[in-house]
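For reference, the structure discussed in these notes is given below.
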Amino acid sequence: MSKLRRTTGLGVLIILVVLALYRHYGYTPADLVVTEESGENDSVSVHFYEEEKVEIVAHSNSKQEESTSSQENIKTPVPVPRDTLKNRCSHSKGIHDNGADLQVSDLVESLEFRSENPETGHYPGLKPLPTSEELTVFLVPHSHCDPGWLLQYKEYYEQNVRHILTNFYQFAMQHDDFKYIYAEVSFFKLWWEEQKEKVKEDMGRLAREGRFEFVQGGWVQNDEANTHYFAILNQMLDGHQWLHTNFPDAKPRAGWAIDPFGLSPFMAQVNKLFGLDAMHIQRVHYTVKKHLAESRQLEFKWRQSWDSSGETDILTELGAFSGYNSQSTCGPEPDVCYQYHFAAFTNPKFRPHRLLHKTSPVNLKERSLKILDQWRKKAALHSANAVFIELGFDFSYVIKGDLDSVYDNYKPLMEYINNSTELNTQVKWGTVSDYFDHIKNKPDKFPTLSGDFFTYADRFDHYWSGYFTTRPFNKNLDRVLESSLRRTEILFSLQRAKEDVKKKKEDVKKKKEDVEKLTRARNTLSLFQHHDGITGTAKPRVVDDYGSRLFKAYKACDELSAAAIRHIMADSGTDLNPIRIRAAFKELEKFRVLEKEVELVVVSTIPRRTAAAQVIAVQAHLSLEVVGNRGEVIPQQVEPDIEYGKLNPKSKLITFWTELPSVSINTFRLKNTEQVKTKTTAKMYTFGEKSVSPTCQDIVLGQNKLVIKLDCKSGRLKTIEKRGKTVDVNQEVIMYPSALSGAYLFLPTGDPTQLLTDSTRADIVLVKGSLRDRAMVTLKYQESTIVLTYTVYHHQGSESEYLDLEIMSDLKNNGDLAIRLKTDIKSGDSIYTDLNGHTIQHHKYKSKLKTQGNFFPMPSTAFIQDSSTRLSLLGSEPHGVASLSEGWIEVIIDRRSKHDDGRGLGEGIQDNIPTPAHLRILVEARSETQARGEGYRVENPSLVSHWTLQTLLHPAFLLSRPLSKQTLPASVQLMKPLPCDEELVNLRYVDNQTCQLIRRKLGFTCDIDVSNNCDYQDTAIEELFTNDVTVTLEDHPFSPFHHKNDSNKSDLKAMEFSSEYVTFRN
């Protein structure tokens, strides 16, 4: 009690008030000790713990806070005139209709969805195109090669792809009329590197003659549901740049997406960016596809939802039938098509059809007319009197005689039809571009179409919405690598900007090795974007191979980043280590515990000033604090080291506040503390079934701007109050039964089980401090453990705008684990989700579809809203999301199933790894005078939402180095701020001292008040870099195959990307 007697009257009053409040709330503090040794401007924070004593340090003297910044040249942001920002967001005002002839959302609304199986046959009673109308048929040999699925990437190459590409080449060299296509650069690169110069020269001639075509040109055929635009652009750049460097004759002209499980319009925008003329797509819900086919609208110009001018239109063809193989693409009757699957003669993996016969003079006429009937029936579904027929399937033509069987049996059929003038048909070997070149000049106008093609179903009510979440551990690691690679690219490029052009031989060798390491990291990220990679739909050993590659690339990026930082900071030391580490692929990221005084390095790659809390871990027995580079006081708090629901008694966390200039490297010091002016010490307190009164009141986190309330028994989130406006949230944790679900399909067999209700008694740990409040809630469900960590920040800035929610799932039971928020927002039947982190798509709940048909991909963002309020979920990794009732929004967190869903994998999902899902919940007030109501096709996030997501996906990078005599600068700003509605997508290393600057103009809503916390200036790109760097700049297309353009990139419009080459001059 001696310490209490030394407190001032104010301190005693605080204690009495706190004790009274906590007794009223039903909490009984196990111990409470408060020490106050400071003046009247200092504050006291009180913490309740039960076991370990943890020192809580809060520097909050108002005079001290005025000098907390340790960075040089941090200027107060210039307020942006609201009228200026409103003009910049005006593109989204009033866009109810972008002028497209077809809106996918309208089609889905109007169609009757029957439970059918189109694989048993298509369009019964379909009549063929009359012979009075001329028909052109293109036979297009192809082989769909997955870079990982049932076998690993390298195994597929060695056992299949090497032989396929060799067989194609040798056959084309022997048959002058033969043509074929190929898509995956990741495989082609391996084959190319094994070939002699003669083969490479021959391949160049085949490409120049149009007999070989590279379609799409990406590193892989990427998934379109879970992928983020950064990774999509990266894999396309990897593919196109490799082709341009090594195989320049193979310029891609046509897009090719035959196997992704649902399709995003963002890929149409990407294909347009990369100079492709047209694109072919395949997997669309069978009911939607059937409608488009029967109305002869399978060819259309795909338009972006935000584009009313048609600048983004790209000619697109949708395959008419359920598959992309020889057995199902020739026409509406699969049983007939299979009779022409001639590769079955030589390939034992195919079972020959009972009516499969070799073409001979005896059956030539009958066989010719039979296949022509299928082709003309197919043509009756298309609008241009032309069709192309895919001849191939997964890993086709691996056996040398397969191509001979196909060619030798089709050749007589082609000649018979071509020579029979009364049939009015021409059949030829062709490529995809041959087909599009033929139809694009047709006089009939193709309709324009706008919208996405999610969620895909191939038959019955079998919706492919499970893979939106399947294997979240690797999905999370994907996003970690994206952020690491982006940061490394930026630092690597800016390091080159400061290099001396005169290099020693050993420096040149080291640089070459670093470039190769960076390239491998890029290629690894690109490989994982494959539609059986990031989707989680591969065999477990393949999943592990992907994960191991991602982990190695992540480690390489950290090494390259550290080396670049040392170079830029002129640091002569060699020991610069990340604060957050992963010891192995399947281990979670954790803190590296600091054991002594060190220098801290904090790197920001956000192109605007950011204010955020940073966290480090130190040994528990040490008395340490963070100060600025020159000893300035930094706002901070010390708290127990609790991560993923587990307490580490040997360490504690120091949370400290930073204000970081745009794209900068900043230094701080962790030093021994001899005297602290304000100190609060208390024991950790756990709220559980035995320690909480039945009548306890809500747990409160936050203060002033943002306050959240949790149920004191269950720990569930009840309300979010922001700036005086309260939203009822009523959180649930639920588990859908998964007796039929698999890696691809989400097929719930009943209502979900409630895991978190008012009667639940959860273990709760509460930590309240001057910088942030945290509550950790641990739930047990049978053999599974779920830990919910809620965090609210107190300091000003965008970080105090949201509730941070981390869900750590260790799923041992079969089922689909979900978080559901049941709010009082009058959202009707609408939910808005992002497409690849770029555009927002409006969806409506449809009672005619089952639950699984109302789930959509959420690569990063989803929100519901009414005329006055918007609630957004921002995710650090992809999830499936739905709004199944008004005011509801729910995300699938993890999945486990022993069931094989019959889509080729041959097993369920039983290899779950404990995985953290990181969500930010953002509540924003909408201006009722500006809110447009429901029904508009274009909605955008707010600027604050954009900024919040950027810092979630690209957090500051923290490292430490031993203290030394060399003093590093307090802050080095590497780039000036971009306008607040622009994003630095990448500063991608190209060669020598050239990099590719990729920017994105944000689309943001006018309905939510625009923040003034923004450095706004239209900086000329030439002046974007710091004064010690001179640059030359040229606009450059995304694909190196296309000519440089002279467009004025300062006039970048919302939702557009720009690409410029920046060359540094020393």
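Identifiers in this document derive from the order of the structure tokens: chains are assigned A, B, ..., residues are numbered from 1 separately in each chain, and ligands are numbered from 1 in order of occurrence.
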Contacts of A:Gly533 at 10 Å or less, counting only C-alpha atoms, minus same-chain residues fewer than 6 places along, as a list in words? Asp146, Pro147, Gly148, Trp149, Asn222, Asp223, Asn474, Lys475, Asp478, Ser526, Leu527, Val542, Val543, Tyr546 and Gly547 of chain A
Find the residues near A:Glu599: any atom within 8 Å, counting only C-alpha atoms, skip ones fewer than 4 places away on the same chain, and give them as a ChimeraX atom specification. /A:667-670,960-963
For the atom pair atom CA of A:Ile534 and atom CA of A:Thr227, what is the interatomic distance in Å to one decimal place?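 Atom CA of A:Ile534 sits 7.4 Å away from atom CA of A:Thr227.
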Find the residues around A:Asp404 up to 12 Å (only C-alpha atoms counted), leave out those fewer than 3 positions away in its own chain, and share them as a list in words.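 Those residues are Asn167, Phe168, Gln170, Phe171, Ala172, Gln174, His175, Phe178, Phe342, Ala343, Ala344, Phe345, Thr346, Asn347, Lys358, Tyr397, Ile399, Lys400, Gly401, Tyr407, Asp408, Asn409, Tyr410 and Lys411 of chain A.
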Distance of atom CA of A:Ala612 from atom CA of A:Ser800, expressed in Å to one decimal place: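 Distance between the two atoms: 9.0 Å.
Going from atom CA of A:Leu779 over to atom CA of A:Lys812, you cover 13.2 Å.
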Members of stretch 532-675 of chain A assigned strand (DSSP E or B) by DSSP, as an MDAnalysis selection string: chainID A and resid 577:578 580:581 590:591 594 598:604 610:619 624:628 633 636:643 646:660 664:672
Shell of 8 Å around A:Asn523, only C-alpha atoms, local chain residues under 6 positions omitted, as number ranges by chain: A: 219, 235, 238
Atoms to include: all heavy atoms. Write the selected residues as a short mmCIF file (atom, residue, chain, number, x, y, z; two decimals), in the first residue's frame.
data_model
loop_
_atom_site.label_atom_id
_atom_site.label_comp_id
_atom_site.auth_asym_id
_atom_site.auth_seq_id
_atom_site.Cartn_x
_atom_site.Cartn_y
_atom_site.Cartn_z
N TRP A 219 2.65 -16.48 -67.70
CA TRP A 219 3.47 -17.55 -67.12
C TRP A 219 2.62 -18.79 -66.91
O TRP A 219 3.09 -19.91 -67.08
CB TRP A 219 4.08 -17.06 -65.81
CG TRP A 219 5.27 -17.82 -65.36
CD1 TRP A 219 5.34 -18.68 -64.31
CD2 TRP A 219 6.58 -17.80 -65.94
NE1 TRP A 219 6.61 -19.20 -64.18
CE2 TRP A 219 7.40 -18.67 -65.17
CE3 TRP A 219 7.15 -17.13 -67.01
CZ2 TRP A 219 8.74 -18.88 -65.46
CZ3 TRP A 219 8.48 -17.34 -67.30
CH2 TRP A 219 9.26 -18.21 -66.53
N GLN A 235 2.45 -12.11 -63.42
CA GLN A 235 2.58 -13.34 -64.21
C GLN A 235 2.47 -13.05 -65.70
O GLN A 235 3.09 -13.73 -66.51
CB GLN A 235 1.57 -14.39 -63.73
CG GLN A 235 0.15 -14.20 -64.15
CD GLN A 235 -0.17 -14.91 -65.45
OE1 GLN A 235 0.61 -15.72 -65.95
NE2 GLN A 235 -1.30 -14.57 -66.04
N ASP A 238 5.88 -11.54 -66.58
CA ASP A 238 6.89 -12.60 -66.63
C ASP A 238 6.82 -13.35 -67.96
O ASP A 238 7.85 -13.63 -68.59
CB ASP A 238 6.68 -13.59 -65.48
CG ASP A 238 7.25 -13.09 -64.16
OD1 ASP A 238 7.85 -12.00 -64.14
OD2 ASP A 238 7.08 -13.80 -63.15
#
If you run DSSP on the backbone here, which positions in stretch 476-591 of chain A get alpha helix (DSSP H)? Please write them as a VMD selection string. chain A and resid 476 to 497 505 to 528 540 to 568
Surrounding residues of A:Glu415 excluding itself and chain neighbours under 2 positions, 10 Å, only C-alpha atoms, as a PyMOL selection string: chain A and resi 368+410-413+417-420+426-428
Could you give me, as a tab-separated table, every stretch 109-199 of chain A residue with an atom at most 9 Å from stretch 283-290 of chain A, plus its closest atom pair and distance in Å to one decimal, counting only C-alpha atoms, rows ordered by chain then number?
residue	atom	partner	partner_atom	distance
A:Leu111	CA	A:Thr287	CA	7.7
A:Glu112	CA	A:Thr287	CA	8.1
A:Phe113	CA	A:Thr287	CA	6.4
A:Arg114	CA	A:Thr287	CA	7.8
A:Glu116	CA	A:Tyr286	CA	8.5
A:Asn117	CA	A:Tyr286	CA	8.6
A:Pro118	CA	A:Tyr286	CA	7.1
A:His122	CA	A:Lys290	CA	8.4
A:Tyr123	CA	A:Lys290	CA	7.9
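Compared by their closest atoms to A:Phe460, and using only C-alpha atoms, the residues A:Ser860, A:Ser115, A:Thr778, A:Thr823 rank with A:Ser115 nearest.
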Name the residues in contact with A:Leu518 at a cut-off of 9 Å, using only C-alpha atoms, excluding same-chain residues fewer than 5 positions from it; report them as a PDB file with C-alpha atoms, in the first residue's frame.
ATOM      1  CA  LEU A 485       8.148  -9.073 -53.823  1.00  0.00           C
ATOM      2  CA  THR A 488      11.882  -5.883 -52.940  1.00  0.00           C
ATOM      3  CA  GLU A 489      11.253  -4.676 -56.498  1.00  0.00           C
ATOM      4  CA  PHE A 492      16.037  -3.152 -55.688  1.00  0.00           C
ATOM      5  CA  GLU A 513      23.120 -13.353 -58.948  1.00  0.00           C
ATOM      6  CA  ASN A 523       8.376 -16.675 -61.361  1.00  0.00           C
ATOM      7  CA  ALA A 553      10.922 -16.871 -52.577  1.00  0.00           C
ATOM      8  CA  ALA A 556      14.986 -14.509 -50.912  1.00  0.00           C
ATOM      9  CA  CYS A 557      12.962 -11.280 -51.005  1.00  0.00           C
ATOM     10  CA  LEU A 560      17.417  -8.848 -51.256  1.00  0.00           C
TER      11      LEU A 560
END
Could you check which of A:His353, A:Arg716, A:Arg253, A:Lys671 is closest to A:Ile181, using only C-alpha atoms? A:Arg253
Produce a table with one row for each residue of stretch 788-839 of chain A that has an atom at most 12 Å from any atom of stretch 904-909 of chain A, each row naming the nearest atom pair and its distance in Å at one decimal; use only C-alpha atoms; arrange rows by chain and rising residue number; format as JSON lines.
{"residue": "A:Leu811", "atom": "CA", "partner": "A:Ile909", "partner_atom": "CA", "distance": 11.1}
{"residue": "A:Lys812", "atom": "CA", "partner": "A:Ile909", "partner_atom": "CA", "distance": 11.0}
{"residue": "A:Asn813", "atom": "CA", "partner": "A:Ile909", "partner_atom": "CA", "distance": 11.0}
{"residue": "A:Asn814", "atom": "CA", "partner": "A:Ile909", "partner_atom": "CA", "distance": 8.9}
{"residue": "A:Gly815", "atom": "CA", "partner": "A:Ile909", "partner_atom": "CA", "distance": 10.2}
{"residue": "A:Asp816", "atom": "CA", "partner": "A:Ile909", "partner_atom": "CA", "distance": 11.1}
Between A:Arg367, A:Arg208, A:Arg630, A:Arg549, which one has atoms that come closest to A:Arg522, using only C-alpha atoms? A:Arg549
Give me, as JSON, numbers by chain, all polymer residues having an atom no more than 6 Å from stretch 126-141 of chain A, counting only C-alpha atoms and skipping those fewer than 3 positions away in the same chain. {"A": [123, 180, 376, 377, 380, 385, 386, 387, 388, 389, 390, 391, 392, 423, 424, 425, 426, 427, 428, 429, 430, 431]}
Can those selected residues be exported to a file as an mmCIF file, in the first residue's frame so that it contains N, CA, C and O atoms?
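That gives us part_5.cif:
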data_model
loop_
_atom_site.group_PDB
_atom_site.id
_atom_site.type_symbol
_atom_site.label_atom_id
_atom_site.label_comp_id
_atom_site.auth_asym_id
_atom_site.auth_seq_id
_atom_site.Cartn_x
_atom_site.Cartn_y
_atom_site.Cartn_z
ATOM 1 N N TYR A 123 -28.657 -28.790 -75.768
ATOM 2 C CA TYR A 123 -29.591 -28.227 -76.742
ATOM 3 C C TYR A 123 -30.330 -29.297 -77.558
ATOM 4 O O TYR A 123 -30.156 -29.411 -78.776
ATOM 5 N N TYR A 180 -0.793 -25.414 -84.576
ATOM 6 C CA TYR A 180 -1.147 -25.721 -83.190
ATOM 7 C C TYR A 180 -0.904 -24.509 -82.306
ATOM 8 O O TYR A 180 -0.247 -23.531 -82.707
ATOM 9 N N ARG A 376 -22.152 -27.887 -87.867
ATOM 10 C CA ARG A 376 -23.197 -26.939 -88.276
ATOM 11 C C ARG A 376 -24.191 -26.686 -87.140
ATOM 12 O O ARG A 376 -24.737 -25.589 -87.034
ATOM 13 N N LYS A 377 -24.414 -27.663 -86.311
ATOM 14 C CA LYS A 377 -25.251 -27.414 -85.136
ATOM 15 C C LYS A 377 -24.541 -26.460 -84.173
ATOM 16 O O LYS A 377 -25.165 -25.586 -83.570
ATOM 17 N N ALA A 380 -24.821 -22.998 -85.420
ATOM 18 C CA ALA A 380 -26.147 -22.396 -85.224
ATOM 19 C C ALA A 380 -26.233 -21.637 -83.908
ATOM 20 O O ALA A 380 -27.152 -20.828 -83.716
ATOM 21 N N ASN A 385 -20.999 -17.506 -88.511
ATOM 22 C CA ASN A 385 -20.863 -18.569 -89.511
ATOM 23 C C ASN A 385 -19.439 -19.115 -89.559
ATOM 24 O O ASN A 385 -18.896 -19.408 -90.632
ATOM 25 N N ALA A 386 -18.850 -19.215 -88.385
ATOM 26 C CA ALA A 386 -17.515 -19.806 -88.258
ATOM 27 C C ALA A 386 -17.398 -20.392 -86.861
ATOM 28 O O ALA A 386 -17.973 -19.863 -85.897
ATOM 29 N N VAL A 387 -16.682 -21.495 -86.759
ATOM 30 C CA VAL A 387 -16.438 -22.110 -85.456
ATOM 31 C C VAL A 387 -15.006 -22.614 -85.418
ATOM 32 O O VAL A 387 -14.399 -22.886 -86.455
ATOM 33 N N PHE A 388 -14.462 -22.683 -84.201
ATOM 34 C CA PHE A 388 -13.195 -23.412 -84.086
ATOM 35 C C PHE A 388 -13.404 -24.562 -83.120
ATOM 36 O O PHE A 388 -14.144 -24.475 -82.146
ATOM 37 N N ILE A 389 -12.768 -25.661 -83.442
ATOM 38 C CA ILE A 389 -12.939 -26.918 -82.722
ATOM 39 C C ILE A 389 -11.635 -27.243 -82.018
ATOM 40 O O ILE A 389 -10.601 -27.463 -82.671
ATOM 41 N N GLU A 390 -11.666 -27.249 -80.661
ATOM 42 C CA GLU A 390 -10.466 -27.615 -79.925
ATOM 43 C C GLU A 390 -10.211 -29.108 -80.075
ATOM 44 O O GLU A 390 -11.103 -29.925 -79.793
ATOM 45 N N LEU A 391 -9.035 -29.447 -80.504
ATOM 46 C CA LEU A 391 -8.615 -30.846 -80.604
ATOM 47 C C LEU A 391 -7.548 -31.086 -79.543
ATOM 48 O O LEU A 391 -6.362 -30.841 -79.761
ATOM 49 N N GLY A 392 -7.967 -31.529 -78.383
ATOM 50 C CA GLY A 392 -7.016 -31.764 -77.303
ATOM 51 C C GLY A 392 -7.718 -31.771 -75.971
ATOM 52 O O GLY A 392 -8.929 -31.544 -75.861
ATOM 53 N N LEU A 423 -21.843 -28.838 -99.873
ATOM 54 C CA LEU A 423 -21.833 -28.735 -98.411
ATOM 55 C C LEU A 423 -21.529 -27.315 -97.940
ATOM 56 O O LEU A 423 -21.747 -26.983 -96.766
ATOM 57 N N ASN A 424 -20.980 -26.484 -98.839
ATOM 58 C CA ASN A 424 -20.761 -25.040 -98.570
ATOM 59 C C ASN A 424 -19.959 -24.820 -97.284
ATOM 60 O O ASN A 424 -20.259 -23.953 -96.473
ATOM 61 N N THR A 425 -18.900 -25.627 -97.121
ATOM 62 C CA THR A 425 -18.105 -25.572 -95.887
ATOM 63 C C THR A 425 -16.629 -25.694 -96.231
ATOM 64 O O THR A 425 -16.246 -26.484 -97.101
ATOM 65 N N GLN A 426 -15.826 -24.908 -95.542
ATOM 66 C CA GLN A 426 -14.381 -25.021 -95.647
ATOM 67 C C GLN A 426 -13.819 -25.370 -94.276
ATOM 68 O O GLN A 426 -14.125 -24.724 -93.274
ATOM 69 N N VAL A 427 -12.985 -26.418 -94.233
ATOM 70 C CA VAL A 427 -12.375 -26.864 -92.975
ATOM 71 C C VAL A 427 -10.862 -26.728 -93.123
ATOM 72 O O VAL A 427 -10.293 -27.125 -94.144
ATOM 73 N N LYS A 428 -10.210 -26.183 -92.116
ATOM 74 C CA LYS A 428 -8.753 -25.979 -92.193
ATOM 75 C C LYS A 428 -8.144 -26.093 -90.800
ATOM 76 O O LYS A 428 -8.818 -25.897 -89.786
ATOM 77 N N TRP A 429 -6.854 -26.443 -90.780
ATOM 78 C CA TRP A 429 -6.109 -26.351 -89.528
ATOM 79 C C TRP A 429 -5.942 -24.865 -89.205
ATOM 80 O O TRP A 429 -5.724 -24.049 -90.101
ATOM 81 N N GLY A 430 -6.013 -24.524 -87.941
ATOM 82 C CA GLY A 430 -5.936 -23.106 -87.611
ATOM 83 C C GLY A 430 -5.488 -22.847 -86.188
ATOM 84 O O GLY A 430 -5.269 -23.762 -85.384
ATOM 85 N N THR A 431 -5.361 -21.573 -85.907
ATOM 86 C CA THR A 431 -5.050 -21.103 -84.559
ATOM 87 C C THR A 431 -6.215 -20.238 -84.073
ATOM 88 O O THR A 431 -7.138 -19.922 -84.836
#
